[in-house]
Amino acid sequence: MATTTKRKKAAAADDIGQETRLELYRLQVELRYCEKRAYDLFLQNLIKGTSHLSLGQEAIAAGFGVAMRPDDWTFCTYRGHAHTLARGASMTGVLGELMGRSCGLLAGKGGSMHLTDVEHGVMGSYAIIGAHLPVAAGAALSAQYRGTEQVSVCFFGDGTTNIGAFHEAINFAAVWKLPVIFVCENNLYMEYTAIHTVTAVDHPAADRAAAYGLESVLVDGNDADEVYLTAMKYINRARKGGGPALIEAKTYRHSGHSRADPGKYRPEGELEKWLERDPLKIYRERLLQVGFAEGTLTDIETETMRKVEEATAAAKASPPPALDLIDKDVWADGGAAWRN
Amino acid sequence: MATTTKRKKAAAADDIGQETRLELYRLQVELRYCEKRAYDLFLQNLIKGTSHLSLGQEAIAAGFGVAMRPDDWTFCTYRGHAHTLARGASMTGVLGELMGRSCGLLAGKGGSMHLTDVEHGVMGSYAIIGAHLPVAAGAALSAQYRGTEQVSVCFFGDGTTNIGAFHEAINFAAVWKLPVIFVCENNLYMEYTAIHTVTAVDHPAADRAAAYGLESVLVDGNDADEVYLTAMKYINRARKGGGPALIEAKTYRHSGHSRADPGKYRPEGELEKWLERDPLKIYRERLLQVGFAEGTLTDIETETMRKVEEATAAAKASPPPALDLIDKDVWADGGAAWRN
Amino acid sequence: MAELTYRDAVAAGIAQELERDERVLFFGEDVAAAGGVFKTTVGLLEKFGPRRVRDCPISEQAIIGAAMGAAMTGLRPIAEIMFSDFLAVCWDMVANEIAKARYMSHGQIQLPLVIRTANGGGARFGAQHSQAVENWAMAIPGLKVVAPATPADVKGLIAAAVRDPDPVLVFEQKSLYAMKGEVPEGEHVDRLGTAKVLRQGKDCTIVALALMVHRALEAAETLEKEHGISCTVVDVRSLVPLDTQTILAEVAKTGRLVTVEENPRLCGWGAEVASIVADECFWNLDGPIVRITTPHVPLPSADQLEDNTIPSATRIVREIRERID
Amino acid sequence: MAELTYRDAVAAGIAQELERDERVLFFGEDVAAAGGVFKTTVGLLEKFGPRRVRDCPISEQAIIGAAMGAAMTGLRPIAEIMFSDFLAVCWDMVANEIAKARYMSHGQIQLPLVIRTANGGGARFGAQHSQAVENWAMAIPGLKVVAPATPADVKGLIAAAVRDPDPVLVFEQKSLYAMKGEVPEGEHVDRLGTAKVLRQGKDCTIVALALMVHRALEAAETLEKEHGISCTVVDVRSLVPLDTQTILAEVAKTGRLVTVEENPRLCGWGAEVASIVADECFWNLDGPIVRITTPHVPLPSADQLEDNTIPSATRIVREIRERID
Ligand SMILES: Cc1ncc(C[n+]2csc(CCOP(=O)(O)OP(=O)(O)O)c2C)c(N)n1
Ligand SMILES: Cc1ncc(C[n+]2csc(CCOP(=O)(O)OP(=O)(O)O)c2C)c(N)n1
Ligand SMILES: [Mg+2]
Ligand SMILES: [Mg+2]
């Protein structure tokens with residue numbers, strides 16, 4: 001596994017164009033700023049219910065977001081704000097949904113755990129562990145059946161590798177060589193329980209790839225270049241009929257599992273160690289190293305912050321959803337009638 | 001894998017006492033004769049519903065049956081007649097249940113797919129694929145919790161390795177080091193579909209053991225000695241706190257999946273090839289080779305046939321279950337009341 | 001009209017839709033090469049090939065999840081769950097994912113898909129292969145549910161289900177597979193949400209579903225001939241949408257309602273129908289509402305036990321004689 | 001009497017039983033070290049240690065299956081399913097295995113086990129974390145089902161469930177976790193199968209469960225004070241066994257039944273109660289049976305939407321005013 005990782009690191013230096021690099025940075029900054037804003041909005045009690053942030057995990061969503069074709073499909077979990085934004089969904093739509101406003105992506109009907117933006121290929125966020133892996137396989141089946149060369153990308157956590165649907169979906173995809181990339185974001189914890197205490201192997205996804213005839217792929221999930229290159233490799237392979245991949249990206253969430261969680265179960269010093277490996281920090285340093293000007297980066301940061309402010313204002317200004325939505329859209333006819 | 005198998009074969013020659021050998025033979029003969037009788041009883045329409053025979057797979061049930069301690073637990077599938085008998089359940093009780101008679105192990109309430117004999121450690125036969133793997137793990141948890149050194153043995157087919165509960169149960173058992181042995185009887189087919197067409201790896205259980213931190217164990221399921229020695233090894237290890245094992249035993253069913261199935265999906269010559277490797281034939285030859293007298297074996301055969309005849313007669317003579325059983329034993333108070 | 005078995009009508013319904021629409025594909029366990037364990041899909045693989053008719057691993061969650069993913073990206077899959085009892089192993093996919101996706105996504109996600117399954121008892125298969133679980137599905141907002149009682153209905157309702165833009169569960173009663181009946185020649189498409197009045201009477205309205213329809217009809221014959229009690233029999237056919245207009249109208253005419261349900265007692269579909277009638281048709285009722293159901297027990301296996309657990313025509317006759325004057 | 005939150009009463013109930021009986025053990029996801037995502041099991045690990053209070057992988061089938069295997073071999077496990085919606089991922093274990101094992105085995109297998117779960121809406125968690133699914137469990141023969149509405153009841157019914165020789169599902173309403181109430185000091189064990197009459201009235205009998213009990217009580221206050229309509233309120237508490245004696249007696253007194261259900265409309269527990277009353281209490285009814293339920297839609301997330309979907313006291317008042325003279 002260590003070797004795989006090294007080979008990727010080396011490749012990273014060469015294969016990524018300058019424009020792509022800037023986009024990878026811009027996207028990570030967007031995801032970071034928007035999540036931070038979401039956190040502020042909780043504290044102001046403008047976001048009700050629950051919410052699960054990807055702070056610290058941005059490199060994965062960004063790396064894949066940049067590598068995907070616009071008509072590819074993303075399947076997310078409740079921890080899906082970043083993945084949704086990474087496909088180009090409107091920030092106002094995301095923040096609005098978190099706040100339960102009518103401008104929300106789902107007009108407030110779904111909530112933070114169910115972000116969906118079909119126009120941008122975000123085919124839903126799924127809040128029951130494991131459920132979306134089979135669904136992502138099904139989308140891949142559809143691409144294969146219709147010969148569209150679309151690829152389906154499915155994100156999930158380390159804890160998800162212990163549920164039955166994980167196993168069924170990956171075998172199913174492997175047998176039919178479906179163009180689907182399963183991406184395990186290993187952030188070391190399920191909700192509050194360390195993954196190693198409940199899993200029989202060290203690398204909950206990578207050590208299980210062989211059980212589906214797949215190669216073991218373990219990457220540094222805090223290095224956007226590495227994620228991007230890995231994504232490109234396996235997405236392109238899947239697009240050409242090479243079948244599915246299972247990728248484990250090691251990362252860490254800076255905040256608690258959800259808004260209610262102060263993260264007290266973490267051993268002392270762990271967060272600090274990972275903050276050293278903050279994907280944004282790593283990437284900013286790398287860009288400066290490879291010759292980007294400080295000003296280029298601060299421009300991106302300023303511009304992104306402006307977008308976040310704009311989106312926040314728009315979402316705050318948006319009214320709550322109309323009550324008649326309650327009885328809408330159970331069925332394709334727009335209604336909810338179960339009887340005549 | 002090949003090496004593992006060879007090492008076991010070599011061991012087989014030395015480690016098995018003569019008495020054990022005879023018991024292994026006797027048990028295989030019993031399972032074979034009883035299953036054949038069950039088949040005859042279908043043809044006479046004395047067995048209604050469905051029924052799944054283990055003809056050709058007897059060495060596995062027998063090998064484990066002989067290796068287990070009386071207080072160990074067995075968990076079977078719908079294809080569980082042999083495993084139930086192998087723990088000492090009454091043949092009349094088994095045939096009676098298949099025939100829906102009041103002498104049946106379940107008095108006709110369960111049917112052929114649910115054979116249970118708690119007194120003999122047969123903790124149920126489960127007809128929904130995969131369900132009993134977690135249950136077997138739970139029994140093992142109970143043994144571990146109470147410090148009884150009991151071991152739980154769970155039999156299932158190759159097709160079962162693709163369902164979610166398989167994955168959950170084995171990880172769960174591995175994490176808690178539970179004394180449970182998962183035994184995959186790989187008979188090459190699910191119902192009518194060849195396992196290799198729906199599975200991403202060649203050995204559906206053995207190639208997945210590593211996903212749970214377990215060693216890969218592949219044995220010749222038609223060689224009762226090999227099965228017995230493997231069973232002894234892993235059962236004893238589990239008993240001493242060494243945790244679970246996942247064993248794949250290659251075998252073949254001589255008849256169709258269930259009574260309705262003529263087995264037409266099999267490639268020509270396949271059955272014939274496997275009949276050459278009939279576990280009873282193999283074992284009988286081996287016993288003669290290592291010095292048992294022909295007469296000793298025919299005595300066993302005659303005596304077993306007598307038992308089968310006796311059991312058949314007893315089951316046939318048994319009345320159908322009393323209708324008041326319908327409203328009995330939903331609850332521990334013996335009744336079925338859902339209201340006052 | 002052609003005479004077909006219910007089993008062959010299933011195949012004919014699927015074939016009709018595969019033929020018509022390239023977006024339709026069909027998959028499940030042992031459905032392709034073997035033609036299904038109930039032989040309901042014989043010949044489909046031969047006719048439509050392995051791209052459109054597929055055998056799956058024993059992975060119900062993957063099967064139903066795949067149907068969902070395929071449906072939201074433009075296909076119109078038909079997935080088979082071999083026995084309806086096994087819906088329990090993929091219930092999350094059915095009840096939490098498929099049923100809710102359209103609503104939660106504010107209408108962005110469409111799920112034109114069909115789940116077919118062999119439902120109900122009578123084959124001595126025991127408690128895990130004989131359940132009538134149509135009420136499980138009925139209880140979930142976002143699912144449409146049909147349970148056809150005849151060859152013509154099963155073909156026509158499968159076709160309607162495939163063409164419907166929403167997820168539909170088709171409960172085929174496994175004891176009916178061998179039943180023969182007339183099926184319209186050529187294209188046959190029925191309508192979801194429509195009950196059928198099979199018989200008109202004066203004394204009592206029997207509302208039944210699937211296998212129970214036949215038993216209700218048999219009971220109604222006997223009641224008429226031997227006991228002078230004249231019954232209307234309504235075949236509900238579709239639980240969601242529910243044709244309450246027909247049910248309420250027929251109950252209003254006779255003043256009495258008897259439901260005959262194969263599902264076990266508690267929270268069966270008959271309870272829902274009873275509660276609707278007890279509200280909206282209350283002033284037309286001349287006496288108590290009677291529910292005849294499988295008792296609230298798991299289904300026993302032995303033939304005599306099973307036969308005395310699922311409602312029989314005899315039991316329907318007896319209960320109606322006792323309860324309806 | 002001590003004042004406890006519903007949340008702390010859950011922990012107290014589990015602790016009482018762990019203390020009393022060495023065969024009891026408790027496991028689930030994030031329940032031990034973290035004390036549960038709803039903080040309902042805080043302190044149990046510290047008090048009883050990791051042998052008896054355990055954190056599990058995200059493997060609901062394994063968790064419930066393990067509870068089953070442990071129960072049939074002599075333990076009395078309590079398993080937690082974090083949100084009741086997740087029962088769908090292990091529904092086979094619950095509905096097909098646990099519910100049927102005793103019956104199928106002709107009484108050989110005993111399953112004294114408890115499944116606790118956080119049920120219901122009100123927390124803006126959206127359609128997959130807010131369902132009231134007590135009717136799913138009620139529909140399955142072989143399961144006992146309770147849904148306590150107060151801290152005292154949740155402690156006492158958990159204790160009763162643990163001591164019961166049969167499998168019991170305890171539906172805790174997650175919006176009630178913060179509610180405070182008096183709980184008897186010392187050992188407290190309630191009885192399954194008993195409803196409670198919380199208020200006597202003349203005009204109408206409201207039958208409610210869990211969170212809806214509080215809304216029914218509030219509505220009854222308003223109806224009495226502001227509209228001169230006097231209502232009986234019955235807290236069902238236990239769906240299986242169901243205390244039909246109490247329900248029938250209370251409906252007979254007022255002549256009217258209104259059920260208030262959090263579950264969505266079709267096949268809710270209220271339908272079952274309505275059908276029982278429409279049969280056995282028909283001649284005592286003075287008017288239609290009214291069911292107030294969450295409409296038959298998945299639950300929306302935004303606060304205003306959620307508040308207008310689950311039955312509120314205001315809606316109960318309005319419907320009763322419209323329907324009861
Ligand atoms: C079937 C199911 N079980 C439990 C939960 C509750 N739950 C929500 S998130 C979570 C932890 C998931 O951990 P992981 O897969 O590592 O993802 P992460 O949250 O770390 O991104 C759990 C247990 C759930 N949503 N679904
Ligand atoms: C969840 C579930 N899906 C499907 C079935 C139907 N079914 C019964 S046996 C069987 C094949 C099982 O194959 P395998 O595990 O190899 O066992 P074998 O019958 O070969 O012993 C299937 C698909 C079932 N009982 N349960
Ligand atoms: Mg995680
Ligand atoms: Mg097999």
# chains A, B, ... in the order shown; residues from 1 in each chain; ligands from 1

call {"tool": "residues_near_ligand", "arguments": {"ligand": "ligand 4", "cutoff": "6 Å", "atoms": "only C-alpha atoms and all ligand atoms", "output": "MDAnalysis selection string"}}
result
chainID B and resid 157:159 186:190

call {"tool": "closest_atom_pairs", "arguments": {"of": "chain A", "to": "ligand 3", "cutoff": "12 Å", "atoms": "only C-alpha atoms and all ligand atoms", "output": "tab-separated table"}}
result
residue	atom	partner	partner_atom_place_in_ligand_line	distance
A:His52	CA	ligand 3	1 (Mg)	11.1
A:Leu53	CA	ligand 3	1 (Mg)	11.6
A:Ser54	CA	ligand 3	1 (Mg)	10.6
A:Gln57	CA	ligand 3	1 (Mg)	10.6
A:Thr77	CA	ligand 3	1 (Mg)	11.1
A:Tyr78	CA	ligand 3	1 (Mg)	11.7
A:Arg79	CA	ligand 3	1 (Mg)	9.8
A:Ile129	CA	ligand 3	1 (Mg)	11.0
A:Phe155	CA	ligand 3	1 (Mg)	11.1
A:Phe156	CA	ligand 3	1 (Mg)	8.0
A:Gly157	CA	ligand 3	1 (Mg)	4.4
A:Asp158	CA	ligand 3	1 (Mg)	4.6
A:Gly159	CA	ligand 3	1 (Mg)	5.3
A:Thr160	CA	ligand 3	1 (Mg)	7.7
A:Thr161	CA	ligand 3	1 (Mg)	9.7
A:Asn162	CA	ligand 3	1 (Mg)	11.4
A:Cys184	CA	ligand 3	1 (Mg)	8.7
A:Glu185	CA	ligand 3	1 (Mg)	6.8
A:Asn186	CA	ligand 3	1 (Mg)	5.5
A:Asn187	CA	ligand 3	1 (Mg)	4.6
A:Leu188	CA	ligand 3	1 (Mg)	5.5
A:Tyr189	CA	ligand 3	1 (Mg)	4.2
A:Met190	CA	ligand 3	1 (Mg)	4.2
A:Glu191	CA	ligand 3	1 (Mg)	6.9
A:Tyr192	CA	ligand 3	1 (Mg)	9.0
A:Thr193	CA	ligand 3	1 (Mg)	8.9
A:Ala194	CA	ligand 3	1 (Mg)	8.3
A:Ile195	CA	ligand 3	1 (Mg)	7.2
A:His196	CA	ligand 3	1 (Mg)	10.8
A:Val198	CA	ligand 3	1 (Mg)	11.9
A:Pro204	CA	ligand 3	1 (Mg)	10.5
A:Ala205	CA	ligand 3	1 (Mg)	11.7
A:Glu248	CA	ligand 3	1 (Mg)	11.5
A:Ala249	CA	ligand 3	1 (Mg)	10.9
A:Lys250	CA	ligand 3	1 (Mg)	9.9
A:Thr251	CA	ligand 3	1 (Mg)	9.0
A:Tyr252	CA	ligand 3	1 (Mg)	8.2
A:Arg253	CA	ligand 3	1 (Mg)	8.3
A:His254	CA	ligand 3	1 (Mg)	11.8
A:Ser255	CA	ligand 3	1 (Mg)	12.0
A:Gly256	CA	ligand 3	1 (Mg)	10.7
A:His257	CA	ligand 3	1 (Mg)	8.3
A:Ser258	CA	ligand 3	1 (Mg)	11.5

call {"tool": "residues_around", "arguments": {"residues": "Arg124 in chain D", "least_positions_apart": "2", "cutoff": "7 Å", "atoms": "only C-alpha atoms", "output": "PyMOL selection string"}}
result
(chain A and resi 48-49) or (chain D and resi 122+126+301-303+306)

call {"tool": "write_last_selection", "arguments": {"atoms": "N, CA, C and O atoms", "output": "PDB file, in the first residue's frame"}}
result
ATOM      1  N   LYS A  48     -31.369  24.567  11.489  1.00  0.00           N
ATOM      2  CA  LYS A  48     -32.012  23.670  12.459  1.00  0.00           C
ATOM      3  C   LYS A  48     -31.628  22.229  12.144  1.00  0.00           C
ATOM      4  O   LYS A  48     -30.918  21.968  11.188  1.00  0.00           O
ATOM      5  N   GLY A  49     -32.156  21.300  12.896  1.00  0.00           N
ATOM      6  CA  GLY A  49     -31.891  19.895  12.622  1.00  0.00           C
ATOM      7  C   GLY A  49     -30.422  19.581  12.808  1.00  0.00           C
ATOM      8  O   GLY A  49     -29.764  20.122  13.681  1.00  0.00           O
TER       9      GLY A  49
ATOM     10  N   GLY D 122     -40.036  15.694  14.564  1.00  0.00           N
ATOM     11  CA  GLY D 122     -40.001  16.891  15.381  1.00  0.00           C
ATOM     12  C   GLY D 122     -38.627  17.498  15.520  1.00  0.00           C
ATOM     13  O   GLY D 122     -38.477  18.584  16.066  1.00  0.00           O
ATOM     14  N   GLY D 126     -35.491  15.286   8.717  1.00  0.00           N
ATOM     15  CA  GLY D 126     -35.822  14.853   7.356  1.00  0.00           C
ATOM     16  C   GLY D 126     -36.399  13.453   7.296  1.00  0.00           C
ATOM     17  O   GLY D 126     -36.556  12.771   8.311  1.00  0.00           O
ATOM     18  N   SER D 301     -38.384  18.305   5.803  1.00  0.00           N
ATOM     19  CA  SER D 301     -37.358  18.651   6.791  1.00  0.00           C
ATOM     20  C   SER D 301     -37.500  20.043   7.417  1.00  0.00           C
ATOM     21  O   SER D 301     -37.351  20.201   8.621  1.00  0.00           O
ATOM     22  N   ALA D 302     -37.765  21.038   6.605  1.00  0.00           N
ATOM     23  CA  ALA D 302     -37.769  22.418   7.132  1.00  0.00           C
ATOM     24  C   ALA D 302     -38.784  22.554   8.262  1.00  0.00           C
ATOM     25  O   ALA D 302     -39.837  21.915   8.251  1.00  0.00           O
ATOM     26  N   ASP D 303     -38.458  23.387   9.241  1.00  0.00           N
ATOM     27  CA  ASP D 303     -39.265  23.389  10.468  1.00  0.00           C
ATOM     28  C   ASP D 303     -40.750  23.678  10.259  1.00  0.00           C
ATOM     29  O   ASP D 303     -41.602  22.954  10.770  1.00  0.00           O
ATOM     30  N   GLU D 306     -42.281  20.578   8.630  1.00  0.00           N
ATOM     31  CA  GLU D 306     -42.431  19.450   9.543  1.00  0.00           C
ATOM     32  C   GLU D 306     -43.558  19.713  10.546  1.00  0.00           C
ATOM     33  O   GLU D 306     -44.399  18.846  10.795  1.00  0.00           O
TER      34      GLU D 306
END

call {"tool": "closest_residue", "arguments": {"among": "C:Gly49, C:Gly120, C:Pro298, C:Gly255", "to": "chain B", "atoms": "only C-alpha atoms"}}
result
C:Pro298

call {"tool": "select_by_dssp", "arguments": {"residues": "range 45-122 of chain B", "states": "strand (DSSP E)", "output": "list in words"}}
result
Trp73, Thr74, Phe75, Cys76, Thr77 and Val122 of chain B

call {"tool": "residues_around", "arguments": {"residues": "Ala315 in chain A", "least_positions_apart": "4", "cutoff": "10 Å", "atoms": "only C-alpha atoms", "output": "PyMOL selection string"}}
result
chain A and resi 91-104+309-311+319-320

call {"tool": "closest_atom_pairs", "arguments": {"of": "chain B", "to": "chain D", "cutoff": "6 Å", "atoms": "only C-alpha atoms", "output": "JSON lines"}}
result
{"residue": "B:Leu106", "atom": "CA", "partner": "D:His106", "partner_atom": "CA", "distance": 4.9}
{"residue": "B:Lys109", "atom": "CA", "partner": "D:Met104", "partner_atom": "CA", "distance": 5.5}
{"residue": "B:Gly110", "atom": "CA", "partner": "D:Met104", "partner_atom": "CA", "distance": 4.4}
{"residue": "B:Pro134", "atom": "CA", "partner": "D:Gly65", "partner_atom": "CA", "distance": 4.5}
{"residue": "B:Val135", "atom": "CA", "partner": "D:Gly69", "partner_atom": "CA", "distance": 4.3}
{"residue": "B:Ala136", "atom": "CA", "partner": "D:Gly69", "partner_atom": "CA", "distance": 5.9}
{"residue": "B:Ala137", "atom": "CA", "partner": "D:Ala66", "partner_atom": "CA", "distance": 5.8}
{"residue": "B:Gly138", "atom": "CA", "partner": "D:Ala66", "partner_atom": "CA", "distance": 3.4}
{"residue": "B:Ala139", "atom": "CA", "partner": "D:Gly69", "partner_atom": "CA", "distance": 4.3}
{"residue": "B:Ser142", "atom": "CA", "partner": "D:Ala70", "partner_atom": "CA", "distance": 4.9}
{"residue": "B:Glu168", "atom": "CA", "partner": "D:Ala62", "partner_atom": "CA", "distance": 5.5}
{"residue": "B:Ala169", "atom": "CA", "partner": "D:Ala62", "partner_atom": "CA", "distance": 5.2}
{"residue": "B:Asp329", "atom": "CA", "partner": "D:Tyr103", "partner_atom": "CA", "distance": 5.2}
{"residue": "B:Val330", "atom": "CA", "partner": "D:Tyr103", "partner_atom": "CA", "distance": 5.0}
{"residue": "B:Trp338", "atom": "CA", "partner": "D:Pro241", "partner_atom": "CA", "distance": 4.5}
{"residue": "B:Arg339", "atom": "CA", "partner": "D:Leu242", "partner_atom": "CA", "distance": 4.6}
{"residue": "B:Asn340", "atom": "CA", "partner": "D:Asp243", "partner_atom": "CA", "distance": 5.6}

call {"tool": "select_by_dssp", "arguments": {"residues": "range 29-168 of chain C", "states": "helix (DSSP H, G or I)", "output": "MDAnalysis selection string"}}
result
chainID C and resid 44:48 60:72 84:104 134:138 151:163

call {"tool": "closest_residue", "arguments": {"among": "B:Arg208, B:Arg26, B:Arg87, B:Arg69", "to": "chain A", "atoms": "only C-alpha atoms"}}
result
B:Arg208

call {"tool": "residues_around", "arguments": {"residues": "Gly268 in chain C", "least_positions_apart": "2", "cutoff": "12 Å", "atoms": "only C-alpha atoms", "output": "ChimeraX atom specification"}}
result
/C:132-139,208-209,239,259-266,270-275,291-296 /D:135-136,138-141,266-273,275

call {"tool": "atom_distance", "arguments": {"atom1": "CA of Phe166 in chain A", "atom2": "CA of Ser130 in chain D"}}
result
23.7 Å

call {"tool": "closest_residue", "arguments": {"among": "A:Asp207, A:Glu294, A:Asp261, A:Asp40", "to": "chain B", "atoms": "only C-alpha atoms"}}
result
A:Asp207

call {"tool": "atom_distance", "arguments": {"atom1": "CA of Ile320 in chain C", "atom2": "CA of Ser230 in chain C"}}
result
10.5 Å

call {"tool": "atom_distance", "arguments": {"atom1": "CA of Val114 in chain C", "atom2": "CA of Ala147 in chain C"}}
result
12.8 Å
